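Q: protein_14.txt is reproduced in full below (compact mmCIF, C-alpha atoms and all ligand atoms).
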```txt
# COMPACT_ATOMS: atom_id res chain seq x y z
CA MET A 689 -7.81 19.04 -21.00
CA SER A 690 -10.26 16.25 -21.83
CA ASP A 691 -13.51 15.66 -19.98
CA TYR A 692 -11.95 12.70 -18.16
CA GLU A 693 -8.80 14.66 -17.26
CA HIS A 694 -10.97 17.36 -15.64
CA PHE A 695 -12.73 14.66 -13.71
CA ILE A 696 -9.40 13.16 -12.55
CA GLU A 697 -8.27 16.59 -11.29
CA GLY A 698 -11.52 17.21 -9.44
CA ILE A 699 -11.56 13.82 -7.76
CA LYS A 700 -7.95 14.21 -6.71
CA ARG A 701 -8.71 17.59 -5.16
CA LYS A 702 -11.77 16.31 -3.34
CA THR A 703 -10.66 12.83 -2.19
CA GLY A 704 -6.88 12.57 -2.68
CA ILE A 705 -7.48 9.59 -4.99
CA ASP A 706 -5.44 9.80 -8.20
CA LEU A 707 -7.42 8.04 -10.92
CA SER A 708 -4.63 8.59 -13.44
CA LEU A 709 -2.74 5.75 -11.70
CA TYR A 710 -5.51 3.27 -12.51
CA LYS A 711 -5.77 1.63 -15.96
CA GLU A 712 -7.70 4.18 -17.96
CA ALA A 713 -9.91 2.16 -20.35
CA GLN A 714 -11.15 -0.10 -17.57
CA MET A 715 -11.82 2.72 -15.11
CA LYS A 716 -13.53 4.92 -17.70
CA ARG A 717 -15.82 2.10 -18.76
CA ARG A 718 -16.87 1.41 -15.19
CA LEU A 719 -17.48 5.08 -14.35
CA THR A 720 -19.23 5.90 -17.63
CA SER A 721 -21.78 3.17 -17.01
CA LEU A 722 -22.40 4.65 -13.54
CA TYR A 723 -22.88 8.26 -14.66
CA GLU A 724 -25.09 7.21 -17.58
CA LYS A 725 -27.24 5.18 -15.24
CA LYS A 726 -27.58 8.27 -13.04
CA GLY A 727 -28.56 10.45 -16.02
CA TYR A 728 -25.40 12.58 -16.44
CA ARG A 729 -24.04 13.37 -19.88
CA ASN A 730 -20.32 13.53 -19.28
CA PHE A 731 -17.59 13.36 -16.61
CA VAL A 732 -17.66 17.07 -15.82
CA ASP A 733 -21.43 17.04 -15.10
CA PHE A 734 -20.88 13.95 -12.99
CA LEU A 735 -18.08 15.67 -11.06
CA HIS A 736 -20.31 18.64 -10.22
CA ALA A 737 -22.98 16.32 -8.91
CA LEU A 738 -20.45 14.33 -6.86
CA GLU A 739 -19.19 17.52 -5.23
CA LYS A 740 -22.66 18.15 -3.82
CA ASP A 741 -24.05 14.71 -3.11
CA ARG A 742 -22.44 12.53 -0.40
CA ASP A 743 -24.48 9.42 -1.29
CA LEU A 744 -23.49 9.69 -4.93
CA MET A 745 -19.86 10.09 -3.86
CA ASN A 746 -20.15 6.86 -1.86
CA GLU A 747 -21.62 5.11 -4.88
CA PHE A 748 -18.77 6.40 -7.03
CA LEU A 749 -16.20 5.16 -4.50
CA ASP A 750 -17.93 1.82 -4.41
CA ARG A 751 -17.82 1.53 -8.19
CA MET A 752 -14.19 2.59 -8.57
CA THR A 753 -12.76 0.36 -5.85
CA ILE A 754 -14.24 -3.08 -6.73
CA ASN A 755 -14.46 -4.77 -3.39
CA VAL A 756 -15.15 -8.42 -4.24
CA SER A 757 -13.38 -10.83 -1.94
CA GLU A 758 -13.85 -14.21 -0.27
CA PHE A 759 -12.26 -16.29 2.48
CA TYR A 760 -9.39 -18.57 1.34
CA ARG A 761 -9.56 -17.04 -2.16
CA ASN A 762 -7.62 -19.41 -4.49
CA GLY A 763 -7.45 -22.13 -1.84
CA LYS A 764 -4.24 -23.81 -3.09
CA ARG A 765 -2.21 -20.67 -2.42
CA TRP A 766 -3.35 -20.61 1.21
CA GLU A 767 -2.15 -24.22 1.54
CA VAL A 768 1.31 -23.04 0.45
CA LEU A 769 1.13 -20.24 3.02
CA GLN A 770 0.18 -22.77 5.69
CA GLU A 771 2.50 -25.65 4.82
CA LYS A 772 5.58 -23.82 3.61
CA ILE A 773 5.66 -20.08 4.20
CA PHE A 774 4.47 -19.80 7.81
CA PRO A 775 6.74 -22.63 9.08
CA MET A 776 9.66 -20.89 7.38
CA LEU A 777 8.81 -17.46 8.84
CA LEU A 778 8.14 -18.86 12.31
CA LYS A 779 11.62 -20.39 12.44
CA HIS A 780 12.94 -16.86 12.45
CA ASN A 781 10.48 -15.28 14.88
CA LYS A 782 7.26 -16.19 16.73
CA ARG A 783 5.85 -12.67 16.66
CA LEU A 784 5.19 -12.03 13.00
CA LYS A 785 4.58 -8.56 11.65
CA ILE A 786 1.88 -8.99 8.97
CA TRP A 787 0.10 -6.57 6.60
CA SER A 788 -2.96 -7.30 4.50
CA ALA A 789 -2.92 -4.42 2.00
CA ALA A 790 -6.16 -3.63 0.10
CA CYS A 791 -8.03 -5.94 2.47
CA SER A 792 -11.56 -5.07 1.29
CA THR A 793 -14.29 -6.38 3.62
CA GLY A 794 -11.91 -8.41 5.81
CA GLU A 795 -12.03 -11.90 4.31
CA GLU A 796 -8.29 -11.81 3.56
CA PRO A 797 -6.92 -10.65 6.95
CA TYR A 798 -9.27 -13.02 8.80
CA THR A 799 -8.08 -15.87 6.56
CA ILE A 800 -4.46 -15.02 7.42
CA SER A 801 -5.29 -15.25 11.14
CA MET A 802 -7.16 -18.54 10.69
CA VAL A 803 -4.23 -20.09 8.82
CA LEU A 804 -1.72 -18.83 11.37
CA SER A 805 -3.91 -20.11 14.22
CA ASN A 806 -2.70 -23.58 13.21
CA TYR A 807 0.65 -22.58 14.73
CA LEU A 808 0.03 -19.84 17.30
CA PRO A 809 -2.63 -18.96 19.87
CA LEU A 810 -4.87 -16.13 18.63
CA THR A 811 -3.59 -13.85 21.39
CA GLN A 812 -0.19 -13.90 19.69
CA ILE A 813 -1.51 -13.02 16.25
CA ASN A 814 -1.78 -9.48 14.95
CA VAL A 815 -2.62 -8.61 11.36
CA PHE A 816 -2.55 -5.01 10.21
CA ALA A 817 -5.20 -4.57 7.49
CA THR A 818 -5.71 -1.54 5.27
CA ASP A 819 -7.87 -0.36 2.41
CA ILE A 820 -8.50 2.95 0.66
CA ASP A 821 -12.25 2.59 1.13
CA GLU A 822 -13.69 3.41 4.57
CA ASN A 823 -16.98 1.68 3.76
CA VAL A 824 -15.34 -1.71 3.34
CA ILE A 825 -13.35 -1.23 6.54
CA GLN A 826 -16.62 -0.67 8.42
CA LYS A 827 -17.99 -3.89 6.93
CA ALA A 828 -14.82 -5.76 7.86
CA LYS A 829 -15.19 -4.60 11.45
CA LEU A 830 -18.81 -5.72 11.49
CA GLY A 831 -17.79 -9.15 10.21
CA LEU A 832 -21.06 -10.40 8.70
CA TYR A 833 -20.70 -12.51 5.55
CA PRO A 834 -23.01 -14.27 3.10
CA GLU A 835 -22.56 -18.02 2.72
CA ARG A 836 -20.96 -17.63 -0.74
CA SER A 837 -17.89 -15.90 0.76
CA LEU A 838 -17.25 -18.97 2.91
CA LEU A 839 -17.28 -21.66 0.22
CA GLU A 840 -13.51 -22.30 0.47
CA VAL A 841 -13.30 -22.22 4.28
CA PRO A 842 -12.20 -25.62 5.69
CA THR A 843 -14.98 -27.22 7.78
CA ASP A 844 -13.02 -27.16 11.05
CA MET A 845 -12.28 -23.43 10.64
CA LYS A 846 -15.89 -22.71 9.79
CA SER A 847 -17.20 -24.27 12.98
CA LYS A 848 -14.39 -22.79 15.08
CA TYR A 849 -14.51 -19.19 13.89
CA PHE A 850 -18.03 -18.43 12.62
CA ILE A 851 -21.50 -18.23 14.16
CA LYS A 852 -24.55 -18.64 11.95
CA GLU A 853 -26.77 -15.56 12.14
CA GLU A 854 -29.35 -16.07 9.40
CA PRO A 855 -28.85 -15.24 6.56
CA PHE A 856 -25.22 -14.47 7.42
CA TYR A 857 -22.19 -15.97 9.07
CA LYS A 858 -20.65 -13.81 11.76
CA ILE A 859 -16.93 -13.93 12.42
CA LYS A 860 -16.21 -14.63 16.10
CA ASP A 861 -14.74 -11.92 18.32
CA ASP A 862 -11.57 -13.85 19.17
CA ILE A 863 -10.50 -13.88 15.52
CA LYS A 864 -11.79 -10.36 14.95
CA ARG A 865 -9.53 -9.09 17.72
CA THR A 866 -6.45 -10.31 15.84
CA VAL A 867 -6.96 -7.74 13.07
CA THR A 868 -6.35 -3.99 13.29
CA TYR A 869 -7.88 -1.90 10.50
CA LYS A 870 -6.79 1.43 9.10
CA LYS A 871 -7.56 3.49 6.02
CA HIS A 872 -4.52 3.60 3.71
CA ASN A 873 -3.98 4.58 0.08
CA LEU A 874 -1.25 2.43 -1.50
CA LEU A 875 -0.62 5.14 -4.08
CA ARG A 876 -0.13 8.00 -1.67
CA ASP A 877 0.40 7.11 1.99
CA SER A 878 3.65 6.06 3.63
CA TYR A 879 4.45 2.39 4.26
CA ASP A 880 5.56 0.94 7.60
CA THR A 881 8.70 -1.23 7.64
CA ASN A 882 10.09 -4.51 8.92
CA TYR A 883 7.23 -6.76 7.83
CA ASP A 884 7.63 -10.53 7.86
CA LEU A 885 4.68 -10.94 5.50
CA ILE A 886 2.79 -8.60 3.17
CA VAL A 887 -0.34 -9.97 1.49
CA CYS A 888 -1.54 -7.81 -1.41
CA ARG A 889 -3.87 -9.58 -3.80
CA ASN A 890 -6.24 -8.67 -6.60
CA VAL A 891 -5.67 -4.93 -6.61
CA MET A 892 -2.47 -4.48 -8.67
CA ILE A 893 -4.45 -5.55 -11.76
CA TYR A 894 -6.24 -2.18 -11.65
CA PHE A 895 -3.11 0.00 -11.60
CA THR A 896 -0.96 1.36 -14.45
CA GLU A 897 2.52 -0.15 -14.96
CA GLU A 898 4.20 2.91 -13.38
CA ALA A 899 1.97 2.76 -10.32
CA LYS A 900 2.61 -0.98 -9.94
CA GLU A 901 6.37 -0.49 -10.14
CA GLN A 902 6.25 2.15 -7.43
CA ILE A 903 4.16 -0.06 -5.16
CA TYR A 904 6.46 -3.08 -5.61
CA HIS A 905 9.44 -0.89 -4.73
CA ASN A 906 7.59 0.29 -1.63
CA PHE A 907 6.62 -3.24 -0.59
CA SER A 908 10.19 -4.38 -1.01
CA LYS A 909 11.43 -1.57 1.25
CA SER A 910 8.74 -2.49 3.77
CA LEU A 911 9.80 -6.12 4.06
CA ARG A 912 12.62 -7.22 6.33
CA SER A 913 15.30 -9.26 4.62
CA GLY A 914 13.79 -12.77 4.21
CA GLY A 915 10.24 -11.39 4.49
CA ILE A 916 7.56 -12.59 2.04
CA LEU A 917 5.23 -10.81 -0.40
CA PHE A 918 2.12 -12.87 -1.29
CA VAL A 919 0.35 -11.64 -4.46
CA GLY A 920 -2.88 -12.51 -6.31
CA SER A 921 -3.22 -15.45 -8.66
CA THR A 922 -3.04 -13.35 -11.84
CA GLU A 923 -0.37 -10.99 -10.54
CA GLN A 924 3.01 -12.64 -11.04
CA ILE A 925 5.81 -10.08 -10.84
CA PHE A 926 7.77 -9.68 -14.04
CA ASN A 927 11.48 -9.59 -13.21
CA PRO A 928 11.26 -9.60 -9.38
CA ALA A 929 15.04 -9.09 -9.05
CA ARG A 930 14.62 -5.41 -9.92
CA TYR A 931 12.73 -5.02 -6.64
CA ASP A 932 15.27 -7.09 -4.68
CA LEU A 933 12.79 -9.96 -4.58
CA GLU A 934 13.20 -13.63 -5.53
CA VAL A 935 10.60 -16.31 -6.20
CA GLU A 936 9.93 -18.46 -3.15
CA ASP A 937 6.93 -20.28 -4.66
CA THR A 938 4.31 -19.38 -7.29
CA PHE A 939 2.85 -16.02 -6.19
CA PHE A 940 5.22 -15.76 -3.18
CA TYR A 941 8.34 -13.58 -3.31
CA ARG A 942 11.16 -13.35 -0.76
CA LYS A 943 13.03 -10.14 -0.03
CA LYS A 944 16.77 -10.71 -0.48
C1 LIG A 1001 -10.83 -6.83 -5.47
S1 LIG A 1001 -10.52 -6.20 -3.86
C2 LIG A 1001 -9.31 -7.35 -3.28
C3 LIG A 1001 -9.59 -7.81 -1.85
C4 LIG A 1001 -8.67 -8.88 -1.31
N1 LIG A 1001 -7.29 -8.44 -1.28
C5 LIG A 1001 -8.79 -10.16 -2.12
O1 LIG A 1001 -7.85 -10.51 -2.83
O2 LIG A 1001 -9.84 -10.83 -2.04
C6 LIG A 1001 -9.56 -4.73 -4.21
C7 LIG A 1001 -9.49 -3.76 -3.04
O3 LIG A 1001 -8.48 -2.80 -3.33
C8 LIG A 1001 -8.86 -1.57 -2.74
N2 LIG A 1001 -8.09 -0.49 -3.36
C9 LIG A 1001 -8.24 0.07 -4.60
N3 LIG A 1001 -7.34 1.07 -4.78
C10 LIG A 1001 -6.59 1.13 -3.64
C11 LIG A 1001 -5.51 1.95 -3.22
N4 LIG A 1001 -5.03 2.91 -4.01
N5 LIG A 1001 -4.99 1.75 -1.97
C12 LIG A 1001 -5.49 0.79 -1.16
N6 LIG A 1001 -6.52 -0.02 -1.50
C13 LIG A 1001 -7.06 0.14 -2.73
C14 LIG A 1001 -10.35 -1.52 -3.01
O4 LIG A 1001 -11.00 -0.62 -2.13
C15 LIG A 1001 -10.76 -2.98 -2.81
O5 LIG A 1001 -11.26 -3.21 -1.51
```
For this file, write the structure as structure tokens.
Ligand SMILES: C[S@@+](CC[C@H](N)C(=O)[O-])C[C@H]1O[C@@H](n2cnc3c(N)ncnc32)[C@H](O)[C@@H]1O

A:
Amino acid sequence: MSDYEHFIEGIKRKTGIDLSLYKEAQMKRRLTSLYEKKGYRNFVDFLHALEKDRDLMNEFLDRMTINVSEFYRNGKRWEVLQEKIFPMLLKHNKRLKIWSAACSTGEEPYTISMVLSNYLPLTQINVFATDIDENVIQKAKLGLYPERSLLEVPTDMKSKYFIKEEPFYKIKDDIKRTVTYKKHNLLRDSYDTNYDLIVCRNVMIYFTEEAKEQIYHNFSKSLRSGGILFVGSTEQIFNPARYDLEVEDTFFYRKK
């Protein structure tokens, strides 16, 4: 077994995270730069240190998960969600079942609620939001953001749903209450069903082809017929028909 394979085994045992399902070259590069910075010589040394040091483990998790996010990321796509997808879904049902998968620090699920608030009162909105990383979920619940994460937020939404608390912007409680957070590993945990909308953006790029295929199959099973999967702007699905999906718009797929 190679040094990295030993590391993969150890991490799986300790955290349940299977690094072999993430693109290897990319992941190795990121983790090597971390262990070198910390003064370890190889993956096995690093693993031994991680097993003993909680702070180091948190740093490792932080490095492997890549949590960058922002509100209204790729603004044009959110216009499509607002102008086309939500009106279509709301024709079917006013109580939408929505999942923001790999939600990071909350910018994505809060954006979903803001966009949907154009059609429904906040009390009727519920977004289920999950991530593998507990640290980002804590930050999402806190809801404090630097100005740079708000650059794409429309002015009316910014004044309606944020309070300035120097040097941050705080998300207001009424929008915060629309989102329910839970820890969930897309590669291991079970998926709920009957979703009208699943938003999963900017995480599939890190997975191997086999892992991606499995996740798309799972998402497809999780959507009701006519439900929508909204993916990231570099994550078009090759041959969606094999997952029982068809293109509704660029980066939006409808379950048959
Ligand atoms: C780059 S962020 C994307 C955040 C947001 N969806 C967006 O597009 O702005 C990727 C997120 O995927 C999460 N992640 C990585 N592996 C995961 C897994 N196996 N299951 C669930 N979430 C995962 C990371 O913790 C991180 O918060």

Q: For the interface of range 764-792 of chain A with range 877-889 of chain A (cut-off 10 Å, counting only C-alpha atoms), please tabulate each contacting residue of range 764-792 of chain A alongside its nearest pair of atoms and their separation in Å to one decimal, rows sorted by chain and increasing number, as JSON lines.

A:
```
{"residue": "A:Ile773", "atom": "CA", "partner": "A:Leu885", "partner_atom": "CA", "distance": 9.3}
{"residue": "A:Phe774", "atom": "CA", "partner": "A:Leu885", "partner_atom": "CA", "distance": 9.2}
{"residue": "A:Leu777", "atom": "CA", "partner": "A:Asp884", "partner_atom": "CA", "distance": 7.1}
{"residue": "A:Leu778", "atom": "CA", "partner": "A:Asp884", "partner_atom": "CA", "distance": 9.5}
{"residue": "A:His780", "atom": "CA", "partner": "A:Asp884", "partner_atom": "CA", "distance": 9.5}
{"residue": "A:Asn781", "atom": "CA", "partner": "A:Asp884", "partner_atom": "CA", "distance": 8.9}
{"residue": "A:Arg783", "atom": "CA", "partner": "A:Asp884", "partner_atom": "CA", "distance": 9.2}
{"residue": "A:Leu784", "atom": "CA", "partner": "A:Asp884", "partner_atom": "CA", "distance": 5.9}
{"residue": "A:Lys785", "atom": "CA", "partner": "A:Tyr883", "partner_atom": "CA", "distance": 5.0}
{"residue": "A:Ile786", "atom": "CA", "partner": "A:Leu885", "partner_atom": "CA", "distance": 4.9}
{"residue": "A:Trp787", "atom": "CA", "partner": "A:Ile886", "partner_atom": "CA", "distance": 4.8}
{"residue": "A:Ser788", "atom": "CA", "partner": "A:Val887", "partner_atom": "CA", "distance": 4.8}
{"residue": "A:Ala789", "atom": "CA", "partner": "A:Cys888", "partner_atom": "CA", "distance": 5.0}
{"residue": "A:Ala790", "atom": "CA", "partner": "A:Cys888", "partner_atom": "CA", "distance": 6.4}
{"residue": "A:Cys791", "atom": "CA", "partner": "A:Cys888", "partner_atom": "CA", "distance": 7.8}
```

Q: What is the CA of Asp819 in chain A-CA of Ala899 in chain A distance in Å, reported with one decimal?

A: 16.4 Å

Q: Determine, counting all atoms listed in the file, every residue of protein, DNA or RNA that lies within 10 Å of (-24.5, -18.8, 7.0) in the file coordinates, then give the result as a VMD selection string.

A: chain A and resid 832 to 838 846 850 to 858

Q: In terms of the shortest atom-to-atom distance over only C-alpha atoms and all ligand atoms, which of A:Pro842, A:Gly698, A:Gly763, A:Pro797 is closest to ligand LIG 1001 (chain A)?

A: A:Pro797

Q: Give me the residues of chain A that have any atom at most 7 Å from an atom of ligand LIG 1001 (chain A); for each, the nearest atom pair and the distance in Å, rounded to one decimal. Use all atoms listed in the file, sort by chain and number, and format it as a tab-separated table.

A:
```
residue	atom	partner	partner_atom	distance
A:Thr753	CA	A:LIG1001	C14	4.2
A:Ile754	CA	A:LIG1001	C1	5.2
A:Asn755	CA	A:LIG1001	O5	4.0
A:Val756	CA	A:LIG1001	C1	4.8
A:Ser757	CA	A:LIG1001	O2	3.5
A:Glu758	CA	A:LIG1001	O2	5.5
A:Arg761	CA	A:LIG1001	O2	6.2
A:Ala789	CA	A:LIG1001	C12	6.6
A:Ala790	CA	A:LIG1001	N6	4.0
A:Cys791	CA	A:LIG1001	N1	4.6
A:Ser792	CA	A:LIG1001	O5	3.4
A:Thr793	CA	A:LIG1001	O5	6.7
A:Glu795	CA	A:LIG1001	O2	6.8
A:Glu796	CA	A:LIG1001	C4	5.7
A:Thr818	CA	A:LIG1001	C12	6.8
A:Asp819	CA	A:LIG1001	N6	4.2
A:Ile820	CA	A:LIG1001	C12	4.1
A:Asp821	CA	A:LIG1001	O4	4.7
A:Val824	CA	A:LIG1001	O5	6.5
A:His872	CA	A:LIG1001	C12	5.7
A:Asn873	CA	A:LIG1001	N5	3.6
A:Leu874	CA	A:LIG1001	N5	3.8
A:Leu875	CA	A:LIG1001	N4	4.9
A:Cys888	CA	A:LIG1001	N1	5.8
A:Arg889	CA	A:LIG1001	O1	4.2
A:Asn890	CA	A:LIG1001	O1	4.5
A:Val891	CA	A:LIG1001	C6	4.6
A:Gly920	CA	A:LIG1001	O1	6.4
```

Q: Could you jot down the CA of Phe695 in chain A to CA of His905 in chain A separation for me, Å, one decimal place?

A: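 Answer for the CA of Phe695 in chain A to CA of His905 in chain A separation: 28.5 Å.
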
Q: So the first atom is CA of Lys870 in chain A and the second is CA of Glu822 in chain A; what is the distance between them in Å, to one decimal place?

A: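 Atom-to-atom, CA of Lys870 in chain A and CA of Glu822 in chain A are spaced 8.5 Å apart.
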
Q: Would you pick out the contacts of range 742-745 of chain A at 10 Å or less, using only C-alpha atoms, so that residues sharing its chain but fewer than 5 positions from it are not included, and give the list as a PyMOL selection string?

A: chain A and resi 699+703+723+726+734-735+737+750-751

Q: For Tyr849 in chain A, list every protein, DNA or RNA residue within 10 Å, evaluated using only C-alpha atoms, and leave out those in the same chain fewer than 6 positions away; present the list as a compact mmCIF listing (two decimals) with C-alpha atoms, keeping the file's coordinate frame.

A:
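Wrote it out as around-v2.txt, contents follow:
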```txt
# COMPACT_ATOMS: atom_id res chain seq x y z
CA TYR A 798 -9.27 -13.02 8.80
CA MET A 802 -7.16 -18.54 10.69
CA TYR A 857 -22.19 -15.97 9.07
CA LYS A 858 -20.65 -13.81 11.76
CA ILE A 859 -16.93 -13.93 12.42
CA LYS A 860 -16.21 -14.63 16.10
CA ASP A 861 -14.74 -11.92 18.32
CA ASP A 862 -11.57 -13.85 19.17
CA ILE A 863 -10.50 -13.88 15.52
CA LYS A 864 -11.79 -10.36 14.95
```

Q: Here is a test: counting only C-alpha atoms, which residue of A:Leu738, A:Leu719, A:Val841, A:Val803 is nearest to Val768 in chain A?

A: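 With only C-alpha atoms as the atom set, the closest residue is A:Val803.
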
Q: Which is closer to Arg717 in chain A than all the others in A:Gly915, A:Ala828, A:Met752, A:Lys702, using all atoms listed in the file?

A: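 Checking each of A:Gly915, A:Ala828, A:Met752, A:Lys702 against Arg717 in chain A, counting all atoms listed in the file, the winner is A:Met752.
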